[in-house]
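**Q** Below: one structure in structure tokens.
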Amino acid sequence: MMFRRKSQRPHTGDVVELTEVSKIYPGRTGVRALDDVTTSFARGSFTAVMGPSGSGKSTLLHCAAGLDRPTSGRVSLAGKDVGALREPKLTTVRRRHVGFVFQAFNLVDALTVLENVVLPQRFAGVSPDRDWAREVLDRVGLRGREHARPGQLSGGQQQRVALARALAARPEVIFGDEPTGALDLATGREVLGLLRRFVDEFAATIVMVTHDPAAAAWADRVVFLADGRLAGDLTAPTADVVATRMTELTR
Ligand code: ADP
């Protein structure tokens, strides 16, 4: 079994909670990238975050993941109040509880596939569970490739390595920033199908920024942003409905 059953989890309900979160980037103009955002992400759910360019999607992801701090408001991540954590404790929480998948796969080419997958655990000071890492690689269809170098793999395979890396530490939540942005349509679908499976079969919690309505349709819910504010929330999205909503937001 990939993740513990829901009932064995230390806490249930929302893995990430944002309460009245605002983020103002300092500087002459003082951009209000997030404006009073309150939302949460439930354990075992798959959420897509959408909105026009500059609407605050990346900022939301960074604040929710503890990569950046809000100017005001509260972020709770895996039951911990991010604002109350000083470095290096925040980094430790992030490394232990959060997995990331980016558009650029961000793999270390000097390391093997298996070494890449266990790297976050090493950084977190956890002794890597190699058997488990192999099983995760198996699940993403990379059995037998654990000793390959990322450069020897296709783009889709490299993103599968990144997925395995995100999953291998059994994180409380996985954040994706356009994880299919660099992939062709068919390969992107395979990656989305894997994310969907991790949610359905193992109660993984995924929050994914995307601009693609077809990608968002794989999620359970879509959260829309416009000018740093929440601009709607949709459950059981279809690509058509999402695309229509996006057109309304960019008008
Ligand atoms: P999105 O991901 O939806 O494109 P972002 O979160 O990247 O939106 O940006 C939201 C707003 O904040 C934009 O106006 C952007 O220019 C601004 N912004 C983002 N990052 C910074 C930064 N580091 N410094 C100043 N302004 C920023």
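Residue numbering restarts at 1 in every chain; chains get A, B, ... in the order shown in the structure tokens, and ligands count up from 1 in that same order.
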Find the residues near Arg165 of chain A: any atom within 8 Å, counting only C-alpha atoms, skip ones fewer than 6 places away on the same chain, and give them as a VMD selection string.
**A** chain A and resid 99 116 to 120 133
**Q** Find the residues of chain A that sit at most 10 Å from ligand 1; for each, write down the nearest two atoms and how far apart they are in Å, to one decimal. Count only C-alpha atoms and all ligand atoms. Sort by chain, then by number going up, and give it as JSON lines.
**A**
```
{"residue": "A:Lys23", "atom": "CA", "partner": "ligand 1", "partner_atom_place_in_ligand_line": "12 (O)", "distance": 8.5}
{"residue": "A:Ile24", "atom": "CA", "partner": "ligand 1", "partner_atom_place_in_ligand_line": "12 (O)", "distance": 7.8}
{"residue": "A:Tyr25", "atom": "CA", "partner": "ligand 1", "partner_atom_place_in_ligand_line": "25 (C)", "distance": 4.8}
{"residue": "A:Pro26", "atom": "CA", "partner": "ligand 1", "partner_atom_place_in_ligand_line": "25 (C)", "distance": 6.7}
{"residue": "A:Gly27", "atom": "CA", "partner": "ligand 1", "partner_atom_place_in_ligand_line": "25 (C)", "distance": 7.1}
{"residue": "A:Arg28", "atom": "CA", "partner": "ligand 1", "partner_atom_place_in_ligand_line": "25 (C)", "distance": 9.6}
{"residue": "A:Thr29", "atom": "CA", "partner": "ligand 1", "partner_atom_place_in_ligand_line": "25 (C)", "distance": 8.6}
{"residue": "A:Gly30", "atom": "CA", "partner": "ligand 1", "partner_atom_place_in_ligand_line": "25 (C)", "distance": 7.5}
{"residue": "A:Val31", "atom": "CA", "partner": "ligand 1", "partner_atom_place_in_ligand_line": "12 (O)", "distance": 5.7}
{"residue": "A:Arg32", "atom": "CA", "partner": "ligand 1", "partner_atom_place_in_ligand_line": "12 (O)", "distance": 6.5}
{"residue": "A:Ala33", "atom": "CA", "partner": "ligand 1", "partner_atom_place_in_ligand_line": "12 (O)", "distance": 4.1}
{"residue": "A:Leu34", "atom": "CA", "partner": "ligand 1", "partner_atom_place_in_ligand_line": "10 (C)", "distance": 7.2}
{"residue": "A:Val49", "atom": "CA", "partner": "ligand 1", "partner_atom_place_in_ligand_line": "3 (O)", "distance": 9.0}
{"residue": "A:Met50", "atom": "CA", "partner": "ligand 1", "partner_atom_place_in_ligand_line": "3 (O)", "distance": 7.6}
{"residue": "A:Gly51", "atom": "CA", "partner": "ligand 1", "partner_atom_place_in_ligand_line": "3 (O)", "distance": 6.0}
{"residue": "A:Pro52", "atom": "CA", "partner": "ligand 1", "partner_atom_place_in_ligand_line": "3 (O)", "distance": 5.9}
{"residue": "A:Ser53", "atom": "CA", "partner": "ligand 1", "partner_atom_place_in_ligand_line": "4 (O)", "distance": 3.9}
{"residue": "A:Gly54", "atom": "CA", "partner": "ligand 1", "partner_atom_place_in_ligand_line": "8 (O)", "distance": 3.4}
{"residue": "A:Ser55", "atom": "CA", "partner": "ligand 1", "partner_atom_place_in_ligand_line": "3 (O)", "distance": 3.9}
{"residue": "A:Gly56", "atom": "CA", "partner": "ligand 1", "partner_atom_place_in_ligand_line": "6 (O)", "distance": 3.2}
{"residue": "A:Lys57", "atom": "CA", "partner": "ligand 1", "partner_atom_place_in_ligand_line": "3 (O)", "distance": 3.8}
{"residue": "A:Ser58", "atom": "CA", "partner": "ligand 1", "partner_atom_place_in_ligand_line": "2 (O)", "distance": 3.7}
{"residue": "A:Thr59", "atom": "CA", "partner": "ligand 1", "partner_atom_place_in_ligand_line": "6 (O)", "distance": 3.8}
{"residue": "A:Leu60", "atom": "CA", "partner": "ligand 1", "partner_atom_place_in_ligand_line": "6 (O)", "distance": 6.5}
{"residue": "A:Leu61", "atom": "CA", "partner": "ligand 1", "partner_atom_place_in_ligand_line": "6 (O)", "distance": 8.1}
{"residue": "A:His62", "atom": "CA", "partner": "ligand 1", "partner_atom_place_in_ligand_line": "6 (O)", "distance": 8.4}
{"residue": "A:Cys63", "atom": "CA", "partner": "ligand 1", "partner_atom_place_in_ligand_line": "6 (O)", "distance": 9.8}
{"residue": "A:Asp68", "atom": "CA", "partner": "ligand 1", "partner_atom_place_in_ligand_line": "23 (N)", "distance": 10.0}
{"residue": "A:Asp177", "atom": "CA", "partner": "ligand 1", "partner_atom_place_in_ligand_line": "2 (O)", "distance": 8.9}
{"residue": "A:Glu178", "atom": "CA", "partner": "ligand 1", "partner_atom_place_in_ligand_line": "2 (O)", "distance": 9.9}
{"residue": "A:Val209", "atom": "CA", "partner": "ligand 1", "partner_atom_place_in_ligand_line": "2 (O)", "distance": 8.0}
{"residue": "A:Thr210", "atom": "CA", "partner": "ligand 1", "partner_atom_place_in_ligand_line": "2 (O)", "distance": 9.1}
{"residue": "A:His211", "atom": "CA", "partner": "ligand 1", "partner_atom_place_in_ligand_line": "3 (O)", "distance": 9.0}
{"residue": "A:Phe224", "atom": "CA", "partner": "ligand 1", "partner_atom_place_in_ligand_line": "3 (O)", "distance": 9.9}
{"residue": "A:Leu225", "atom": "CA", "partner": "ligand 1", "partner_atom_place_in_ligand_line": "3 (O)", "distance": 7.6}
{"residue": "A:Ala226", "atom": "CA", "partner": "ligand 1", "partner_atom_place_in_ligand_line": "3 (O)", "distance": 8.1}
{"residue": "A:Asp227", "atom": "CA", "partner": "ligand 1", "partner_atom_place_in_ligand_line": "10 (C)", "distance": 7.6}
{"residue": "A:Gly228", "atom": "CA", "partner": "ligand 1", "partner_atom_place_in_ligand_line": "10 (C)", "distance": 6.7}
```
**Q** Can you spit out the residues from that selection as a PDB file, in the first residue's frame, using C-alpha atoms?
**A**
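out-v8.pdb, written as the output of this step:
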```
ATOM      1  CA  LYS A  23       0.694  38.693  -0.183  1.00  0.00           C
ATOM      2  CA  ILE A  24       2.112  42.046  -1.161  1.00  0.00           C
ATOM      3  CA  TYR A  25       5.432  42.004  -2.953  1.00  0.00           C
ATOM      4  CA  PRO A  26       7.525  44.893  -1.732  1.00  0.00           C
ATOM      5  CA  GLY A  27       8.813  47.439  -4.190  1.00  0.00           C
ATOM      6  CA  ARG A  28       7.751  50.705  -5.687  1.00  0.00           C
ATOM      7  CA  THR A  29       4.410  49.415  -6.911  1.00  0.00           C
ATOM      8  CA  GLY A  30       3.701  46.998  -4.052  1.00  0.00           C
ATOM      9  CA  VAL A  31       1.849  44.353  -6.057  1.00  0.00           C
ATOM     10  CA  ARG A  32      -0.958  42.702  -4.114  1.00  0.00           C
ATOM     11  CA  ALA A  33      -0.464  39.212  -5.552  1.00  0.00           C
ATOM     12  CA  LEU A  34      -2.961  37.598  -3.139  1.00  0.00           C
ATOM     13  CA  VAL A  49      -5.721  26.133  -9.378  1.00  0.00           C
ATOM     14  CA  MET A  50      -6.531  28.233 -12.435  1.00  0.00           C
ATOM     15  CA  GLY A  51      -6.640  31.872 -13.441  1.00  0.00           C
ATOM     16  CA  PRO A  52      -5.246  34.314 -15.971  1.00  0.00           C
ATOM     17  CA  SER A  53      -1.533  35.018 -16.072  1.00  0.00           C
ATOM     18  CA  GLY A  54      -0.575  37.198 -13.099  1.00  0.00           C
ATOM     19  CA  SER A  55      -3.681  36.249 -11.089  1.00  0.00           C
ATOM     20  CA  GLY A  56      -1.616  34.875  -8.192  1.00  0.00           C
ATOM     21  CA  LYS A  57      -1.531  31.130  -8.863  1.00  0.00           C
ATOM     22  CA  SER A  58       2.199  30.695  -8.250  1.00  0.00           C
ATOM     23  CA  THR A  59       2.072  32.939  -5.215  1.00  0.00           C
ATOM     24  CA  LEU A  60      -0.791  30.869  -3.779  1.00  0.00           C
ATOM     25  CA  LEU A  61       1.171  27.677  -4.384  1.00  0.00           C
ATOM     26  CA  HIS A  62       4.327  29.099  -2.804  1.00  0.00           C
ATOM     27  CA  CYS A  63       2.474  30.349   0.279  1.00  0.00           C
ATOM     28  CA  ASP A  68       7.079  31.843   0.860  1.00  0.00           C
ATOM     29  CA  ASP A 177       3.239  23.796 -10.967  1.00  0.00           C
ATOM     30  CA  GLU A 178       2.148  23.115 -14.558  1.00  0.00           C
ATOM     31  CA  VAL A 209      -1.538  24.940 -10.925  1.00  0.00           C
ATOM     32  CA  THR A 210      -2.467  24.681 -14.581  1.00  0.00           C
ATOM     33  CA  HIS A 211      -3.720  26.885 -17.399  1.00  0.00           C
ATOM     34  CA  PHE A 224     -10.213  30.078  -9.801  1.00  0.00           C
ATOM     35  CA  LEU A 225      -8.173  33.196  -9.119  1.00  0.00           C
ATOM     36  CA  ALA A 226      -8.433  36.636 -10.675  1.00  0.00           C
ATOM     37  CA  ASP A 227      -6.346  39.633  -9.572  1.00  0.00           C
ATOM     38  CA  GLY A 228      -5.210  37.785  -6.460  1.00  0.00           C
TER      39      GLY A 228
END
```
**Q** Restrict the calculation to only C-alpha atoms, then for each residue of segment 42-158 of chain A with any atom at most 9 Å from an atom of segment 192-196 of chain A give the closest atom pair and their distance in Å to one decimal, rows by chain and rising residue number, as JSON lines.
**A**
```
{"residue": "A:Phe46", "atom": "CA", "partner": "A:Arg196", "partner_atom": "CA", "distance": 7.4}
{"residue": "A:Arg139", "atom": "CA", "partner": "A:Leu194", "partner_atom": "CA", "distance": 8.7}
{"residue": "A:Val140", "atom": "CA", "partner": "A:Leu194", "partner_atom": "CA", "distance": 7.0}
```
**Q** Which of segment 13-209 of chain A counts as alpha helix (DSSP H) under DSSP, as number ranges by chain please?
**A** A: 57-64, 89-97, 113-123, 130-139, 155-168, 185-202
**Q** Can you tell me how far atom CA of Asp109 of chain A sits from atom CA of Pro88 of chain A, in Å to one decimal?
**A**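 Atom CA of Pro88 of chain A lies 27.2 Å from atom CA of Asp109 of chain A.
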**Q** Go through A:Leu114, A:Val191, A:Leu18, A:Val199 and flag the residue nearest Asp131 of chain A, using only C-alpha atoms for the distances.
**A** A:Leu114
**Q** Go through A:His147, A:Arg189, A:Arg229, A:Arg221 one by one, measure the shortest atom-to-atom distance of each to Arg134 of chain A using only C-alpha atoms, and give the residue with the smallest value.
**A** A:His147
**Q** Which residues, written as a list in words, have at least one atom at most 10 Å from Gln157 of chain A, with only C-alpha atoms counted and residues fewer than 4 positions away on the same chain left out?
**A** Phe105, Val140, Gly141, Leu142, Arg145, Pro150, Gln152, Leu153, Val161, Ala162, Leu163, Thr187 and Val191 of chain A
**Q** Quick one: residues within 12 Å of Leu77 of chain A, only C-alpha atoms counted, chain neighbours fewer than 3 positions away excluded, as number ranges by chain?
**A** A: 11, 13-19, 40-43, 61-67, 74, 80-85, 90, 93-98, 171-174
**Q** Just the selected residues (N, CA, C and O atoms), exported as a compact mmCIF listing (two decimals), in the first residue's frame, please.
**A**
```
# COMPACT_ATOMS: atom_id res chain seq x y z
N HIS A 11 -4.01 13.15 11.36
CA HIS A 11 -5.15 14.05 11.42
C HIS A 11 -5.89 13.96 10.10
O HIS A 11 -5.33 13.64 9.07
N GLY A 13 -9.30 15.57 7.55
CA GLY A 13 -9.85 16.86 7.15
C GLY A 13 -8.93 17.57 6.19
O GLY A 13 -8.49 16.99 5.20
N ASP A 14 -8.65 18.84 6.47
CA ASP A 14 -7.87 19.64 5.55
C ASP A 14 -6.38 19.54 5.82
O ASP A 14 -5.92 19.70 6.94
N VAL A 15 -5.63 19.27 4.77
CA VAL A 15 -4.17 19.17 4.90
C VAL A 15 -3.55 20.57 4.85
O VAL A 15 -2.56 20.85 5.50
N VAL A 16 -4.17 21.42 4.04
CA VAL A 16 -3.67 22.80 3.90
C VAL A 16 -4.85 23.75 4.10
O VAL A 16 -5.92 23.53 3.53
N GLU A 17 -4.66 24.75 4.92
CA GLU A 17 -5.70 25.76 5.13
C GLU A 17 -5.10 27.15 4.98
O GLU A 17 -4.08 27.45 5.61
N LEU A 18 -5.73 27.96 4.15
CA LEU A 18 -5.32 29.36 4.04
C LEU A 18 -6.44 30.21 4.59
O LEU A 18 -7.61 30.03 4.20
N THR A 19 -6.13 31.09 5.52
CA THR A 19 -7.14 31.94 6.13
C THR A 19 -6.77 33.41 5.93
O THR A 19 -5.74 33.85 6.43
N SER A 40 -9.21 25.89 1.48
CA SER A 40 -8.50 24.76 2.07
C SER A 40 -8.50 23.59 1.11
O SER A 40 -9.29 23.54 0.17
N PHE A 41 -7.58 22.67 1.36
CA PHE A 41 -7.43 21.50 0.49
C PHE A 41 -7.57 20.24 1.35
O PHE A 41 -6.78 20.02 2.27
N ALA A 42 -8.59 19.47 1.04
CA ALA A 42 -8.92 18.31 1.87
C ALA A 42 -8.00 17.13 1.58
O ALA A 42 -7.56 16.94 0.43
N ARG A 43 -7.74 16.35 2.59
CA ARG A 43 -6.95 15.14 2.43
C ARG A 43 -7.60 14.23 1.40
O ARG A 43 -8.81 14.05 1.38
N LEU A 61 0.47 28.96 -4.54
CA LEU A 61 1.17 27.68 -4.38
C LEU A 61 2.36 27.83 -3.43
O LEU A 61 2.55 27.02 -2.53
N HIS A 62 3.14 28.89 -3.64
CA HIS A 62 4.33 29.10 -2.80
C HIS A 62 3.96 29.33 -1.34
O HIS A 62 4.62 28.81 -0.44
N CYS A 63 2.90 30.10 -1.11
CA CYS A 63 2.47 30.35 0.28
C CYS A 63 1.91 29.07 0.91
O CYS A 63 2.21 28.74 2.05
N ALA A 64 1.10 28.33 0.13
CA ALA A 64 0.48 27.12 0.66
C ALA A 64 1.53 26.06 0.97
O ALA A 64 1.38 25.26 1.90
N ALA A 65 2.62 26.06 0.21
CA ALA A 65 3.66 25.04 0.37
C ALA A 65 4.74 25.44 1.37
O ALA A 65 5.69 24.68 1.60
N GLY A 66 4.61 26.64 1.93
CA GLY A 66 5.64 27.08 2.89
C GLY A 66 6.94 27.49 2.22
O GLY A 66 7.98 27.54 2.87
N LEU A 67 6.88 27.78 0.92
CA LEU A 67 8.08 28.26 0.22
C LEU A 67 8.22 29.77 0.38
O LEU A 67 9.28 30.33 0.19
N ARG A 74 -3.10 33.50 7.62
CA ARG A 74 -2.55 32.30 8.24
C ARG A 74 -2.53 31.15 7.25
O ARG A 74 -3.49 30.96 6.49
N LYS A 80 0.46 22.31 10.94
CA LYS A 80 1.41 23.25 11.53
C LYS A 80 1.15 24.67 11.00
O LYS A 80 0.90 24.86 9.81
N ASP A 81 1.23 25.61 11.91
CA ASP A 81 1.06 27.02 11.53
C ASP A 81 2.38 27.52 10.95
O ASP A 81 3.36 27.69 11.65
N VAL A 82 2.38 27.71 9.62
CA VAL A 82 3.61 28.06 8.92
C VAL A 82 4.21 29.37 9.45
O VAL A 82 5.42 29.49 9.60
N GLY A 83 3.33 30.33 9.79
CA GLY A 83 3.80 31.63 10.27
C GLY A 83 4.55 31.53 11.59
O GLY A 83 5.37 32.39 11.91
N ALA A 84 4.27 30.49 12.36
CA ALA A 84 4.90 30.35 13.67
C ALA A 84 6.23 29.62 13.59
O ALA A 84 6.96 29.52 14.58
N LEU A 85 6.55 29.10 12.42
CA LEU A 85 7.78 28.32 12.26
C LEU A 85 8.92 29.20 11.76
O LEU A 85 8.80 29.88 10.76
N LEU A 90 10.91 25.41 9.35
CA LEU A 90 9.96 25.45 8.23
C LEU A 90 10.46 24.56 7.08
O LEU A 90 9.69 23.81 6.47
N VAL A 93 9.81 20.97 7.94
CA VAL A 93 8.40 20.62 7.75
C VAL A 93 8.11 20.41 6.28
O VAL A 93 7.47 19.44 5.87
N ARG A 94 8.60 21.33 5.46
CA ARG A 94 8.37 21.24 4.02
C ARG A 94 9.00 19.96 3.45
O ARG A 94 8.37 19.24 2.69
N ARG A 95 10.22 19.70 3.85
CA ARG A 95 10.90 18.52 3.30
C ARG A 95 10.23 17.21 3.74
O ARG A 95 10.21 16.25 3.01
N ARG A 96 9.69 17.21 4.94
CA ARG A 96 9.07 15.98 5.45
C ARG A 96 7.65 15.78 4.92
O ARG A 96 7.20 14.65 4.77
N HIS A 97 6.94 16.87 4.69
CA HIS A 97 5.49 16.73 4.45
C HIS A 97 5.01 17.15 3.06
O HIS A 97 3.85 16.98 2.75
N VAL A 98 5.91 17.75 2.27
CA VAL A 98 5.47 18.30 0.99
C VAL A 98 6.27 17.70 -0.16
O VAL A 98 7.49 17.59 -0.07
N PRO A 171 4.41 12.14 1.21
CA PRO A 171 4.10 13.49 1.70
C PRO A 171 2.64 13.64 2.06
O PRO A 171 1.79 12.89 1.59
N GLU A 172 2.36 14.62 2.90
CA GLU A 172 0.98 14.96 3.25
C GLU A 172 0.28 15.58 2.06
O GLU A 172 -0.93 15.44 1.90
N VAL A 173 1.05 16.31 1.26
CA VAL A 173 0.46 16.99 0.10
C VAL A 173 1.51 17.13 -0.99
O VAL A 173 2.70 17.28 -0.71
N ILE A 174 1.05 17.03 -2.24
CA ILE A 174 1.93 17.23 -3.39
C ILE A 174 1.46 18.47 -4.15
O ILE A 174 0.28 18.58 -4.49
```
**Q** With a distance cut-off of 8 Å and only C-alpha atoms, select the neighbouring residues of Thr47 of chain A, excluding the residue or stretch itself and same-chain residues fewer than 6 positions from it, and output the selection as a compact mmCIF listing (two decimals) with C-alpha atoms, in the first residue's frame.
**A**
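And here's result_27.txt as it stands now:
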```
# COMPACT_ATOMS: atom_id res chain seq x y z
CA PHE A 41 -7.43 21.50 0.49
CA ILE A 206 -2.66 17.07 -4.81
CA VAL A 207 -2.84 20.78 -5.59
CA MET A 208 -1.89 21.60 -9.18
CA ALA A 216 -7.99 20.70 -14.72
CA ALA A 219 -9.14 17.20 -10.67
CA ASP A 220 -12.01 16.90 -8.18
CA ARG A 221 -12.25 20.64 -7.85
CA VAL A 222 -11.04 23.80 -9.53
CA VAL A 223 -10.23 26.96 -7.62
```
**Q** Measuring atom to atom with only C-alpha atoms, identify which of A:Thr112, A:Gln103, A:Thr92, A:Ser45 is nearest to Glu201 of chain A.
**A**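 Result for the nearest residue to Glu201 of chain A: A:Ser45.
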